[in-house]
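**Q** Sharing final28.csv (CSV, C-alpha atoms and all ligand atoms) below.
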chain,number,residue,atom,x,y,z
L,85,MET,CA,-25.7,21.9,-14.8
L,86,MET,CA,-23.5,22.0,-11.8
L,87,HIS,CA,-21.3,19.0,-10.9
L,88,VAL,CA,-21.5,18.0,-7.2
L,89,PRO,CA,-19.4,14.9,-6.3
L,90,PHE,CA,-20.4,12.8,-3.4
L,91,VAL,CA,-16.9,13.5,-1.9
L,92,ASP,CA,-14.0,15.5,-3.2
L,93,LEU,CA,-10.7,14.5,-1.5
L,94,ARG,CA,-8.6,16.7,-3.8
L,95,ALA,CA,-9.8,20.0,-2.3
L,96,SER,CA,-8.3,19.6,1.2
L,97,HIS,CA,-5.1,18.1,-0.2
L,98,ARG,CA,-4.6,20.9,-2.6
L,99,LEU,CA,-4.6,23.4,0.3
L,100,LEU,CA,-2.2,21.3,2.4
L,101,ARG,CA,0.1,20.2,-0.4
L,102,ASP,CA,3.3,21.9,0.8
L,103,GLU,CA,2.8,20.9,4.5
L,104,LEU,CA,2.1,17.3,3.5
L,105,ALA,CA,5.1,17.2,1.2
L,106,ALA,CA,7.4,18.6,3.9
L,107,ALA,CA,6.1,15.9,6.4
L,108,PHE,CA,6.7,13.2,3.7
L,109,HIS,CA,10.2,14.4,3.0
L,110,ALA,CA,11.1,14.4,6.7
L,111,VAL,CA,10.2,10.8,6.9
L,112,LEU,CA,12.3,10.0,3.8
L,113,ASP,CA,15.2,11.7,5.4
L,114,ARG,CA,14.9,9.8,8.7
L,115,ALA,CA,13.8,6.5,6.9
L,116,ASP,CA,12.1,5.4,10.1
L,117,PHE,CA,9.3,3.8,8.1
L,118,VAL,CA,7.9,1.3,10.6
L,119,LEU,CA,6.8,2.5,14.1
L,120,GLY,CA,8.9,5.7,13.6
L,121,ASP,CA,8.8,9.0,15.4
L,122,ASP,CA,5.7,10.3,13.7
L,123,VAL,CA,3.7,7.3,14.9
L,124,SER,CA,4.4,7.9,18.6
L,125,ARG,CA,3.9,11.6,18.1
L,126,LEU,CA,0.5,11.1,16.4
L,127,GLU,CA,-0.5,8.7,19.2
L,128,GLU,CA,0.3,11.4,21.8
L,129,GLU,CA,-1.5,14.1,19.8
L,130,PHE,CA,-4.6,12.2,19.0
L,131,ALA,CA,-4.9,10.9,22.6
L,132,ARG,CA,-4.6,14.5,23.8
L,133,TYR,CA,-7.1,15.7,21.2
L,134,CYS,CA,-9.7,13.2,22.5
L,135,GLY,CA,-8.8,13.8,26.1
L,136,ALA,CA,-7.7,10.2,26.7
L,137,ARG,CA,-4.5,8.7,28.2
L,138,ARG,CA,-3.4,6.5,25.3
L,139,ALA,CA,-3.7,6.0,21.6
L,140,VAL,CA,-2.2,3.1,19.5
L,141,GLY,CA,-1.9,3.4,15.7
L,142,VAL,CA,-2.9,0.4,13.7
L,143,ALA,CA,-3.4,-0.6,10.1
L,144,SER,CA,-7.1,0.2,9.7
L,145,GLY,CA,-10.4,0.9,11.5
L,146,LEU,CA,-11.3,-2.8,11.2
L,147,GLN,CA,-8.0,-3.8,12.8
L,148,ALA,CA,-8.5,-1.2,15.6
L,149,LEU,CA,-11.8,-2.9,16.4
L,150,GLU,CA,-10.4,-6.4,16.2
L,151,LEU,CA,-7.2,-5.9,18.1
L,152,THR,CA,-9.1,-4.1,20.9
L,153,LEU,CA,-11.6,-7.0,21.2
L,154,ARG,CA,-8.7,-9.5,21.3
L,155,ALA,CA,-6.8,-7.4,23.9
L,156,ALA,CA,-10.0,-7.3,26.0
L,157,GLY,CA,-10.1,-11.1,25.9
L,158,VAL,CA,-13.0,-11.6,23.5
L,159,GLY,CA,-12.7,-15.1,21.9
L,160,PRO,CA,-14.5,-18.3,21.0
L,161,GLY,CA,-17.8,-18.8,22.7
L,162,ASP,CA,-18.3,-15.1,23.4
L,163,GLU,CA,-21.1,-12.9,22.0
L,164,VAL,CA,-20.6,-9.3,21.1
L,165,ILE,CA,-23.6,-7.0,20.5
L,166,VAL,CA,-23.5,-4.7,17.5
L,167,PRO,CA,-26.0,-2.6,15.6
L,168,ALA,CA,-27.7,-4.2,12.6
L,169,HIS,CA,-27.3,-0.9,10.8
L,170,THR,CA,-23.5,-0.2,10.4
L,171,PHE,CA,-20.6,-0.8,8.1
L,172,VAL,CA,-19.9,-4.6,8.0
L,173,ALA,CA,-16.5,-4.1,9.7
L,174,THR,CA,-18.2,-3.6,13.1
L,175,ALA,CA,-19.4,-7.2,13.0
L,176,ALA,CA,-16.4,-8.5,11.1
L,177,ALA,CA,-14.0,-7.6,13.9
L,178,VAL,CA,-16.1,-9.8,16.2
L,179,THR,CA,-16.0,-12.7,13.7
L,180,PHE,CA,-12.2,-12.5,13.3
L,181,CYS,CA,-11.9,-13.0,17.1
L,182,GLN,CA,-13.9,-16.2,16.6
L,183,ALA,CA,-16.7,-14.7,18.7
L,184,VAL,CA,-20.3,-14.3,17.5
L,185,PRO,CA,-21.7,-10.9,16.5
L,186,VAL,CA,-25.3,-10.4,17.8
L,187,THR,CA,-27.1,-7.8,15.8
L,188,VAL,CA,-29.7,-5.6,17.4
L,189,ASP,CA,-32.0,-2.9,16.0
L,190,VAL,CA,-31.3,0.9,15.8
L,191,ASN,CA,-33.5,3.8,16.9
L,192,PRO,CA,-36.0,4.9,14.2
L,193,ASP,CA,-35.1,8.6,14.7
L,194,ASP,CA,-31.3,9.0,15.1
L,195,TYR,CA,-30.3,5.5,13.7
L,196,THR,CA,-27.9,4.7,16.5
L,197,ILE,CA,-28.1,1.4,18.4
L,198,ASP,CA,-31.3,0.9,20.4
L,199,VAL,CA,-30.4,0.5,24.1
L,200,ALA,CA,-33.6,-1.5,25.0
L,201,ALA,CA,-32.7,-3.9,22.2
L,202,ILE,CA,-29.2,-4.3,23.7
L,203,ALA,CA,-30.7,-5.1,27.0
L,204,ALA,CA,-33.0,-7.7,25.4
L,205,ALA,CA,-30.1,-9.4,23.6
L,206,VAL,CA,-27.8,-9.9,26.6
L,207,THR,CA,-27.1,-13.5,27.5
L,208,PRO,CA,-24.6,-15.2,29.9
L,209,ARG,CA,-22.2,-15.4,26.9
L,210,THR,CA,-22.3,-11.6,26.1
L,211,ARG,CA,-18.8,-10.1,26.6
L,212,ALA,CA,-19.0,-6.8,24.9
L,213,ILE,CA,-21.0,-4.1,23.1
L,214,ILE,CA,-19.9,-2.1,20.1
L,215,PRO,CA,-22.0,1.1,19.8
L,216,VAL,CA,-21.4,2.9,16.6
L,217,HIS,CA,-21.4,6.7,16.4
L,218,LEU,CA,-23.2,6.4,13.1
L,219,TYR,CA,-22.8,9.1,10.4
L,220,GLY,CA,-21.0,11.3,13.1
L,221,LEU,CA,-23.6,11.3,15.8
L,222,PRO,CA,-22.6,9.7,19.1
L,223,ALA,CA,-24.7,6.7,20.4
L,224,ASN,CA,-26.6,7.1,23.7
L,225,MET,CA,-23.5,6.3,25.7
L,226,ASP,CA,-24.7,7.1,29.2
L,227,ALA,CA,-27.5,4.5,29.0
L,228,ILE,CA,-25.1,2.0,27.2
L,229,MET,CA,-22.5,2.4,30.0
L,230,ALA,CA,-25.1,2.0,32.7
L,231,LEU,CA,-26.2,-1.3,31.1
L,232,ALA,CA,-22.6,-2.4,30.6
L,233,ASP,CA,-21.9,-1.8,34.3
L,234,GLU,CA,-24.9,-3.8,35.3
L,235,TYR,CA,-23.8,-6.8,33.3
L,236,GLY,CA,-20.0,-6.4,33.5
L,237,LEU,CA,-19.6,-5.9,29.7
L,238,PHE,CA,-16.7,-4.3,27.8
L,239,VAL,CA,-17.8,-1.3,25.7
L,240,LEU,CA,-15.8,-0.5,22.5
L,241,GLU,CA,-16.9,2.6,20.7
L,242,ASP,CA,-16.9,2.3,16.9
L,243,ALA,CA,-15.9,5.9,16.4
L,244,CYS,CA,-14.8,5.4,12.8
L,245,GLN,CA,-17.3,8.0,11.6
L,246,ALA,CA,-17.0,10.4,14.5
L,247,HIS,CA,-13.6,11.9,15.0
L,248,GLY,CA,-14.0,15.0,17.2
L,249,ALA,CA,-17.7,14.6,17.9
L,250,TRP,CA,-18.8,15.6,21.5
L,251,TYR,CA,-21.2,13.8,23.9
L,252,ARG,CA,-22.1,15.6,27.1
L,253,GLY,CA,-18.8,17.6,27.2
L,254,ARG,CA,-16.5,14.7,26.2
L,255,ARG,CA,-15.1,13.7,22.9
L,256,THR,CA,-15.8,10.3,21.3
L,257,GLY,CA,-12.9,8.1,22.2
L,258,THR,CA,-13.4,8.7,25.9
L,259,LEU,CA,-17.0,7.5,26.3
L,260,GLY,CA,-16.5,3.7,26.5
L,261,HIS,CA,-13.6,1.5,27.7
L,262,ALA,CA,-11.9,2.0,24.4
L,263,ALA,CA,-12.6,3.4,21.0
L,264,ALA,CA,-11.6,2.5,17.4
L,265,PHE,CA,-11.1,5.1,14.8
L,266,SER,CA,-10.5,4.7,11.0
L,267,PHE,CA,-8.3,6.9,8.9
L,268,TYR,CA,-9.8,5.7,5.6
L,269,PRO,CA,-9.3,8.7,3.3
L,270,SER,CA,-12.9,9.9,3.2
L,271,LYS,CA,-13.4,9.8,7.0
L,272,ASN,CA,-13.5,13.0,9.0
L,273,LEU,CA,-9.8,12.5,9.6
L,274,GLY,CA,-8.4,10.5,6.8
L,275,ALA,CA,-4.9,9.3,5.8
L,276,CYS,CA,-3.6,9.1,2.2
L,277,GLY,CA,-4.3,5.4,2.3
L,278,ASP,CA,-5.4,3.1,5.1
L,279,GLY,CA,-4.9,3.5,8.8
L,280,GLY,CA,-6.6,3.4,12.2
L,281,ILE,CA,-6.1,4.1,15.9
L,282,VAL,CA,-7.3,2.8,19.2
L,283,VAL,CA,-8.0,5.3,22.0
L,284,THR,CA,-8.3,4.3,25.7
L,285,ASP,CA,-7.5,5.3,29.3
L,286,ASP,CA,-6.5,1.7,30.1
L,287,ASP,CA,-2.7,1.3,30.0
L,288,ALA,CA,-2.7,-2.5,30.2
L,289,LEU,CA,-5.2,-2.7,27.2
L,290,ALA,CA,-3.1,-0.2,25.2
L,291,ASP,CA,0.1,-2.1,25.9
L,292,THR,CA,-1.5,-5.4,24.8
L,293,ILE,CA,-2.7,-3.7,21.5
L,294,CYS,CA,0.9,-2.4,21.0
L,295,ALA,CA,2.1,-6.0,21.2
L,296,LEU,CA,-0.7,-7.4,19.1
L,297,ARG,CA,-0.1,-4.9,16.2
L,298,ASN,CA,3.6,-5.8,16.2
L,299,CYS,CA,3.7,-9.6,15.7
L,300,GLY,CA,2.5,-10.3,19.3
L,301,GLN,CA,5.8,-9.2,20.8
L,302,LEU,CA,5.7,-8.1,24.4
L,303,GLU,CA,9.5,-7.9,24.2
L,304,LYS,CA,11.5,-8.1,21.1
L,305,GLY,CA,12.0,-11.6,19.7
L,306,ARG,CA,9.4,-13.2,22.0
L,307,HIS,CA,6.0,-13.6,20.3
L,308,GLU,CA,3.7,-14.1,23.2
L,309,LEU,CA,0.4,-13.1,21.5
L,310,ALA,CA,-1.1,-13.8,18.1
L,311,PRO,CA,1.6,-12.8,15.6
L,312,LEU,CA,-0.4,-10.2,13.7
L,313,ASN,CA,1.0,-7.3,11.7
L,314,SER,CA,-1.2,-4.3,12.0
L,315,ARG,CA,1.1,-1.3,12.2
L,316,LEU,CA,0.3,2.2,11.1
L,317,ASP,CA,2.9,3.4,8.6
L,318,THR,CA,5.1,6.2,9.7
L,319,LEU,CA,4.4,8.0,6.4
L,320,GLN,CA,0.6,7.9,7.1
L,321,ALA,CA,1.2,9.1,10.7
L,322,ALA,CA,3.3,12.0,9.5
L,323,LEU,CA,0.5,13.1,7.0
L,324,LEU,CA,-2.2,12.6,9.7
L,325,ARG,CA,-0.3,14.9,12.1
L,326,VAL,CA,-0.6,17.7,9.6
L,327,LYS,CA,-4.3,17.0,9.0
L,328,LEU,CA,-5.2,16.6,12.7
L,329,ARG,CA,-4.5,20.3,13.1
L,330,HIS,CA,-7.4,21.0,10.7
L,331,LEU,CA,-9.9,18.5,12.0
L,332,ASP,CA,-12.0,20.9,14.1
L,333,ALA,CA,-12.2,23.4,11.2
L,334,TRP,CA,-13.2,20.6,8.9
L,335,ASN,CA,-15.9,19.4,11.3
L,336,ALA,CA,-17.2,22.9,11.6
L,337,ALA,CA,-17.4,23.2,7.8
L,338,ARG,CA,-19.3,19.9,7.7
L,339,ARG,CA,-21.8,21.2,10.3
L,340,ARG,CA,-22.2,24.4,8.4
L,341,ALA,CA,-23.1,22.5,5.2
L,342,ALA,CA,-25.4,20.2,7.1
L,343,ALA,CA,-27.2,23.2,8.7
L,344,LEU,CA,-27.7,24.7,5.2
L,345,TYR,CA,-29.1,21.4,3.9
L,346,THR,CA,-31.5,21.2,6.8
L,347,GLU,CA,-32.6,24.8,6.4
L,348,LEU,CA,-33.2,24.5,2.6
L,349,LEU,CA,-34.9,21.1,2.9
L,350,SER,CA,-37.1,21.8,5.9
L,351,GLY,CA,-40.7,21.3,4.9
L,352,SER,CA,-39.8,19.0,2.1
L,353,ARG,CA,-41.1,15.4,2.2
L,354,VAL,CA,-37.7,13.8,2.8
L,355,THR,CA,-36.8,12.9,6.4
L,356,LEU,CA,-33.8,14.9,7.6
L,357,PRO,CA,-31.1,13.8,10.0
L,358,VAL,CA,-31.7,14.7,13.7
L,359,GLU,CA,-29.4,16.3,16.1
L,360,ARG,CA,-29.6,15.6,19.9
L,361,SER,CA,-29.0,18.2,22.5
L,362,ASP,CA,-26.5,15.9,24.3
L,363,SER,CA,-24.2,15.7,21.3
L,364,THR,CA,-22.3,17.5,18.6
L,365,HIS,CA,-22.9,15.7,15.3
L,366,VAL,CA,-19.8,15.9,13.0
L,367,TYR,CA,-21.7,14.8,9.8
L,368,HIS,CA,-19.3,12.2,8.4
L,369,LEU,CA,-22.4,11.7,6.3
L,370,TYR,CA,-25.6,13.7,5.7
L,371,VAL,CA,-28.3,11.1,5.3
L,372,ILE,CA,-31.9,11.7,4.3
L,373,ARG,CA,-34.7,9.2,4.0
L,374,THR,CA,-37.5,8.8,1.5
L,375,PRO,CA,-39.6,5.9,0.2
L,376,GLN,CA,-38.7,7.2,-3.3
L,377,ARG,CA,-35.0,6.7,-2.6
L,378,ASP,CA,-34.0,4.9,-5.9
L,379,ALA,CA,-35.9,7.4,-8.1
L,380,LEU,CA,-34.5,10.4,-6.3
L,381,ARG,CA,-31.0,9.0,-6.5
L,382,GLN,CA,-31.4,8.5,-10.3
L,383,ALA,CA,-32.8,12.0,-10.7
L,384,LEU,CA,-29.9,13.5,-8.8
L,385,GLN,CA,-27.4,11.5,-10.8
L,386,GLU,CA,-28.9,12.9,-14.0
L,387,ARG,CA,-28.4,16.4,-12.6
L,388,GLY,CA,-24.7,15.8,-11.9
L,389,ILE,CA,-25.0,15.0,-8.2
L,390,GLY,CA,-23.2,12.0,-6.6
L,391,THR,CA,-24.9,10.2,-3.7
L,392,GLY,CA,-24.2,7.1,-1.6
L,393,ILE,CA,-26.2,4.5,0.3
L,394,HIS,CA,-24.8,3.7,3.8
L,395,TYR,CA,-25.7,0.9,3.8
L,396,PRO,CA,-27.9,-1.0,1.3
L,397,LEU,CA,-28.1,-4.2,3.5
L,398,PRO,CA,-28.3,-4.7,7.3
L,399,VAL,CA,-25.4,-6.7,8.6
L,400,HIS,CA,-27.4,-9.8,9.1
L,401,ARG,CA,-28.5,-9.8,5.5
L,402,GLN,CA,-25.0,-9.4,4.1
L,403,PRO,CA,-24.2,-12.5,2.0
L,404,PHE,CA,-21.2,-13.3,4.2
L,405,TYR,CA,-23.4,-13.4,7.3
L,406,LEU,CA,-26.0,-15.5,5.6
L,407,ARG,CA,-23.3,-18.2,5.5
L,408,ASN,CA,-21.3,-17.5,8.7
L,409,GLY,CA,-22.1,-17.4,12.4
L,410,LEU,CA,-24.2,-14.5,13.6
L,411,ARG,CA,-27.1,-14.2,15.9
L,412,ALA,CA,-29.6,-11.8,14.5
L,413,THR,CA,-32.3,-10.3,16.7
L,414,ALA,CA,-35.4,-8.5,15.2
L,415,ALA,CA,-34.3,-5.3,13.5
L,416,PRO,CA,-37.3,-3.9,11.6
L,417,HIS,CA,-36.0,-0.3,11.7
L,418,ALA,CA,-32.6,-1.3,10.3
L,419,GLU,CA,-34.3,-3.2,7.5
L,420,GLN,CA,-36.6,-0.4,6.5
L,421,LEU,CA,-33.8,2.2,6.7
L,422,CYS,CA,-31.6,0.3,4.1
L,423,ASP,CA,-34.3,0.8,1.5
L,424,GLU,CA,-34.9,4.5,2.2
L,425,ILE,CA,-31.6,6.2,3.1
L,426,LEU,CA,-29.6,8.3,0.8
L,427,SER,CA,-26.3,10.1,1.6
L,428,LEU,CA,-26.0,13.5,0.0
L,429,PRO,CA,-22.7,15.1,-1.0
L,430,MET,CA,-20.7,16.0,2.1
L,431,PHE,CA,-17.1,17.1,2.5
L,432,PRO,CA,-15.6,20.2,4.3
L,433,GLU,CA,-15.0,22.2,1.1
L,434,ILE,CA,-18.5,21.8,-0.3
L,435,THR,CA,-19.8,25.2,-1.3
L,436,ASP,CA,-23.0,26.9,-0.3
L,437,GLU,CA,-23.9,27.0,-4.0
L,438,GLN,CA,-23.4,23.2,-4.3
L,439,VAL,CA,-25.5,22.5,-1.2
L,440,ALA,CA,-28.2,24.9,-2.6
L,441,TYR,CA,-28.1,23.2,-6.0
L,442,VAL,CA,-28.6,19.7,-4.4
L,443,ALA,CA,-31.5,21.0,-2.3
L,444,SER,CA,-33.1,22.6,-5.3
L,445,CYS,CA,-32.8,19.4,-7.3
L,446,ILE,CA,-34.5,17.5,-4.4
L,447,ARG,CA,-37.3,20.1,-4.4
L,448,ALA,CA,-37.7,19.9,-8.2
L,449,PHE,CA,-37.9,16.1,-7.9
L,450,GLU,CA,-40.6,16.4,-5.3
L,451,ALA,CA,-42.6,18.8,-7.5
L,452,VAL,CA,-43.0,16.0,-10.1
L,453,PRO,CA,-45.6,13.4,-9.2
L,454,GLN,CA,-44.0,10.0,-8.8
L,455,THR,CA,-45.5,6.9,-10.3
L,456,GLY,CA,-45.2,3.4,-8.9
D,1,LIG,C1,-14.9,3.0,8.0
D,1,LIG,C2,-15.5,2.2,9.1
D,1,LIG,C3,-14.9,1.1,9.7
D,1,LIG,C4,-13.7,0.4,9.2
D,1,LIG,O1,-12.7,1.2,8.9
D,1,LIG,P1,-11.5,0.8,7.8
D,1,LIG,O2,-10.4,1.7,8.2
D,1,LIG,O3,-12.0,0.9,6.5
D,1,LIG,O4,-11.2,-0.6,8.1
D,1,LIG,C5,-15.6,0.5,10.8
D,1,LIG,N1,-16.7,0.9,11.2
D,1,LIG,C6,-17.4,1.9,10.7
D,1,LIG,C7,-18.7,2.4,11.2
D,1,LIG,C8,-16.8,2.6,9.6
D,1,LIG,O5,-17.5,3.6,9.0
What would you get if you wrote out this structure as structure tokens?

**A**
Amino acid sequence: MMHVPFVDLRASHRLLRDELAAAFHAVLDRADFVLGDDVSRLEEEFARYCGARRAVGVASGLQALELTLRAAGVGPGDEVIVPAHTFVATAAAVTFCQAVPVTVDVNPDDYTIDVAAIAAAVTPRTRAIIPVHLYGLPANMDAIMALADEYGLFVLEDACQAHGAWYRGRRTGTLGHAAAFSFYPSKNLGACGDGGIVVTDDDALADTICALRNCGQLEKGRHELAPLNSRLDTLQAALLRVKLRHLDAWNAARRRAAALYTELLSGSRVTLPVERSDSTHVYHLYVIRTPQRDALRQALQERGIGTGIHYPLPVHRQPFYLRNGLRATAAPHAEQLCDEILSLPMFPEITDEQVAYVASCIRAFEAVPQTG
């Protein structure tokens, strides 16, 4: 039996060990641990990578979302439209601004936010939309921006799963008014701990986020805005600068593994992820769909294969949101998805043999009649 973990973070770090250690030691030598040299360098490099003017490093992806909403003026009484099918942080960022998340359904084919559902959910209180580039596939940004222009809404890309993905010749991070990225270790670009970054062309917005992350100081000693602490550590920034140079190669490796899964599973009964001709999917996750999800997951587990469920509950059914303010609009697709989706092993260093083994175990499962 082959062992295929859901993710293996050791492989990429083993290869970069010396470079990462050198970056780490350089920070120890300078001891500029908070908002040091590597933070501003990473900000410049990541902004340039995306093709945007500015980037601001923060403590996490969640904080990147929250601080951007705050900087855009989202607050009590406002509504912000989010997909019902996403990581809870997308909605939580709205809640922490004391605004109300409004969940809407996702498309049944590519699982990104349904633009018609956004249009139907807009009210005079709506201030912003947070489209999520789910699993590494950009949302339908042209239609979303057209709608946002019509109603005067702020668009914050949740790009936490889509570092380096393309949409109509532009990278994620340049498609809305601002974008939030997470550097959680297993993301396409991950730190050795927590981190996040906001990307935008809006200088005033970026300056406000710089103040917000640093105790609300517009100038030193004057705490003008909410005195939050949400800084990206210099050590993490130093390590991320090393890793950023490998992001495109890692995304290419993810796409290669995804193409092999798709080839080996075509004609099987599971529903495979779709690609769209307007985008380059970067496969943060490779998510299949089957009504036999739980039995398949169990069968793969018994054959040494790790899987995940992203996510088992739609946002509006999360226990926290059963008790706290949220406006849920009908989301039948999101609700059905949660019971049927399964994330297969995916990381840049996964081997063809491992992908083939996973595919063959899915085929073997399908060959056995399922009861119940
Ligand atoms: C990971 C993730 C976040 C939050 O990132 P953290 O760095 O863990 O706070 C937000 N939204 C989505 C879609 C994510 O996948």

**Q** Mind checking which residues fall within 12 Å of Leu319 (chain L), counting only C-alpha atoms, ignoring those fewer than 5 positions away in the same chain, and posting them as a short mmCIF file (atom, residue, chain, number, x, y, z; two decimals) with C-alpha atoms, in the coordinates of the input?

**A**
data_model
loop_
_atom_site.label_atom_id
_atom_site.label_comp_id
_atom_site.auth_asym_id
_atom_site.auth_seq_id
_atom_site.Cartn_x
_atom_site.Cartn_y
_atom_site.Cartn_z
CA LEU L 104 2.10 17.30 3.50
CA ALA L 105 5.10 17.20 1.20
CA ALA L 106 7.40 18.60 3.90
CA ALA L 107 6.10 15.90 6.40
CA PHE L 108 6.70 13.20 3.70
CA HIS L 109 10.20 14.40 3.00
CA ALA L 110 11.10 14.40 6.70
CA VAL L 111 10.20 10.80 6.90
CA LEU L 112 12.30 10.00 3.80
CA ASP L 113 15.20 11.70 5.40
CA ARG L 114 14.90 9.80 8.70
CA ALA L 115 13.80 6.50 6.90
CA ASP L 116 12.10 5.40 10.10
CA PHE L 117 9.30 3.80 8.10
CA VAL L 118 7.90 1.30 10.60
CA LEU L 119 6.80 2.50 14.10
CA GLY L 120 8.90 5.70 13.60
CA ASP L 121 8.80 9.00 15.40
CA ASP L 122 5.70 10.30 13.70
CA VAL L 123 3.70 7.30 14.90
CA LEU L 126 0.50 11.10 16.40
CA ALA L 275 -4.90 9.30 5.80
CA CYS L 276 -3.60 9.10 2.20
CA GLY L 277 -4.30 5.40 2.30
CA ASP L 278 -5.40 3.10 5.10
CA GLY L 279 -4.90 3.50 8.80
CA LEU L 324 -2.20 12.60 9.70
CA ARG L 325 -0.30 14.90 12.10
CA VAL L 326 -0.60 17.70 9.60
#

**Q** Just the number, please: distance in Å from CA of Arg154 (chain L) to atom C8 of ligand LIG 1 (chain D), one decimal.

**A**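 Taking CA of Arg154 (chain L) as the start and atom C8 of ligand LIG 1 (chain D) as the end point, the length is 18.7 Å.
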
**Q** Please report the interatomic distance between CA of Gln438 (chain L) and CA of Ala95 (chain L) in Å with one decimal.

**A**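 Computing it gives 14.1 Å between the two atoms.
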
**Q** Report as a tab-separated table the residues of chain L within 6 Å of ligand LIG 1 (chain D), each with its shortest atom pair and distance in Å (one decimal), using all atoms listed in the file, ordered by chain and increasing residue number.

**A**
residue	atom	partner	partner_atom	distance
L:Ser144	CA	D:LIG1	O2	3.9
L:Gly145	CA	D:LIG1	O2	3.4
L:Leu146	CA	D:LIG1	O4	3.8
L:Thr170	CA	D:LIG1	C7	5.5
L:Phe171	CA	D:LIG1	C7	4.8
L:Ala173	CA	D:LIG1	C5	4.8
L:Thr174	CA	D:LIG1	N1	5.1
L:Asp242	CA	D:LIG1	N1	5.9
L:Cys244	CA	D:LIG1	C8	4.7
L:Gln245	CA	D:LIG1	O5	5.1
L:Ser266	CA	D:LIG1	O2	4.1
L:Phe267	CA	D:LIG1	O2	5.7
L:Tyr268	CA	D:LIG1	O2	4.8
L:Gly279	CA	D:LIG1	O2	5.8
L:Gly280	CA	D:LIG1	O2	5.8

**Q** When you count all atoms listed in the file, which of these residues is closest to Asp189 (chain L): L:Arg407, L:His169, L:Arg254, L:Arg373?

**A**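 The answer is L:His169, which sits nearest to Asp189 (chain L).
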
**Q** Please report, as a tab-separated table, each residue of region 337-362 of chain L lying at most 10 Å from region 423-428 of chain L, together with the nearest pair of atoms and the separation in Å rounded to one decimal; use all atoms listed in the file, and order rows by chain and ascending residue number.

**A**
residue	atom	partner	partner_atom	distance
L:Ala342	CA	L:Leu428	CA	9.8
L:Tyr345	CA	L:Leu428	CA	9.3
L:Val354	CA	L:Glu424	CA	9.7
L:Thr355	CA	L:Ile425	CA	9.1

**Q** With all atoms listed in the file as the basis for distance, which of L:Val172, L:Leu100, L:Ala232, L:Leu406 is at the shortest distance from Val199 (chain L)?

**A**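 Looking at the shortest contact to Val199 (chain L), the residue is L:Ala232.
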
**Q** Could you tell me how far CA of Ala337 (chain L) lies from CA of Val442 (chain L), in Å and to one decimal?

**A**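 About the pair CA of Ala337 (chain L) and CA of Val442 (chain L): they are 16.9 Å apart.
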
**Q** Take the point (-22.9, -3.0, 20.2) in the file's coordinates, draw a sphere of radius 9 Å around it, and report as a PyMOL selection string every protein, DNA or RNA residue with an atom inside or on it, counting all atoms listed in the file.

**A** chain L and resi 164-167+174+185-188+197+202+212-216+228+239-242

**Q** Would you pick out the contacts of Ala288 (chain L) at 10 Å or less, using only C-alpha atoms, so that residues sharing its chain but fewer than 4 positions from it are not included, and give the list as a PyMOL selection string?

**A** chain L and resi 155-156+284+292-294

**Q** With C-alpha atoms kept, could you save the residues just selected as an mmCIF file, in the frame of the given file?

**A**
data_model
loop_
_atom_site.group_PDB
_atom_site.id
_atom_site.type_symbol
_atom_site.label_atom_id
_atom_site.label_comp_id
_atom_site.auth_asym_id
_atom_site.auth_seq_id
_atom_site.Cartn_x
_atom_site.Cartn_y
_atom_site.Cartn_z
ATOM 1 C CA ALA L 155 -6.800 -7.400 23.900
ATOM 2 C CA ALA L 156 -10.000 -7.300 26.000
ATOM 3 C CA THR L 284 -8.300 4.300 25.700
ATOM 4 C CA THR L 292 -1.500 -5.400 24.800
ATOM 5 C CA ILE L 293 -2.700 -3.700 21.500
ATOM 6 C CA CYS L 294 0.900 -2.400 21.000
#

**Q** Considering all atoms listed in the file, state which residue in the set L:Leu231, L:Met85, L:Ala243, L:Ala168 is at the smallest distance from Ala148 (chain L).

**A**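 Smallest separation from Ala148 (chain L) among the options: L:Ala243.
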
**Q** From the set L:Arg411, L:Arg315, L:His417, L:His261, which residue has the shortest atom-to-atom contact distance to Thr210 (chain L), counting only C-alpha atoms?

**A**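 Of all the options, L:Arg411 lies closest to Thr210 (chain L).
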
**Q** I'd like to know which of L:Ala200, L:Ala295, L:Cys181, L:Leu218 is closest to His307 (chain L), using only C-alpha atoms.

**A**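 The answer is L:Ala295, which sits nearest to His307 (chain L).
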
**Q** Nearest to Arg339 (chain L) among L:Ala310, L:Leu316, L:Ala249, L:Ile281, with distances taken over all atoms listed in the file: which residue is it?

**A**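 That would be L:Ala249, the residue with the smallest distance to Arg339 (chain L).
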
**Q** Kindly provide, as number ranges by chain, the polymer residues lying within 6 Å of (-32.0, -5.8, 11.5), counting all atoms listed in the file and using the coordinates exactly as they appear in the file.

**A** L: 168, 189, 398, 414-416, 418-419

**Q** Can I get the selection written as an mmCIF file, in the frame of the given file, with C-alpha atoms?

**A**
data_model
loop_
_atom_site.group_PDB
_atom_site.id
_atom_site.type_symbol
_atom_site.label_atom_id
_atom_site.label_comp_id
_atom_site.auth_asym_id
_atom_site.auth_seq_id
_atom_site.Cartn_x
_atom_site.Cartn_y
_atom_site.Cartn_z
ATOM 1 C CA ALA L 168 -27.700 -4.200 12.600
ATOM 2 C CA ASP L 189 -32.000 -2.900 16.000
ATOM 3 C CA PRO L 398 -28.300 -4.700 7.300
ATOM 4 C CA ALA L 414 -35.400 -8.500 15.200
ATOM 5 C CA ALA L 415 -34.300 -5.300 13.500
ATOM 6 C CA PRO L 416 -37.300 -3.900 11.600
ATOM 7 C CA ALA L 418 -32.600 -1.300 10.300
ATOM 8 C CA GLU L 419 -34.300 -3.200 7.500
#

**Q** Residues near Val439 (chain L), anyone? I mean within 9 Å using only C-alpha atoms, not counting same-chain ones fewer than 6 positions away, as a list in words.

**A** Val88, Ala341, Ala342, Leu344, Tyr345, Leu348, Pro429 and Met430 of chain L
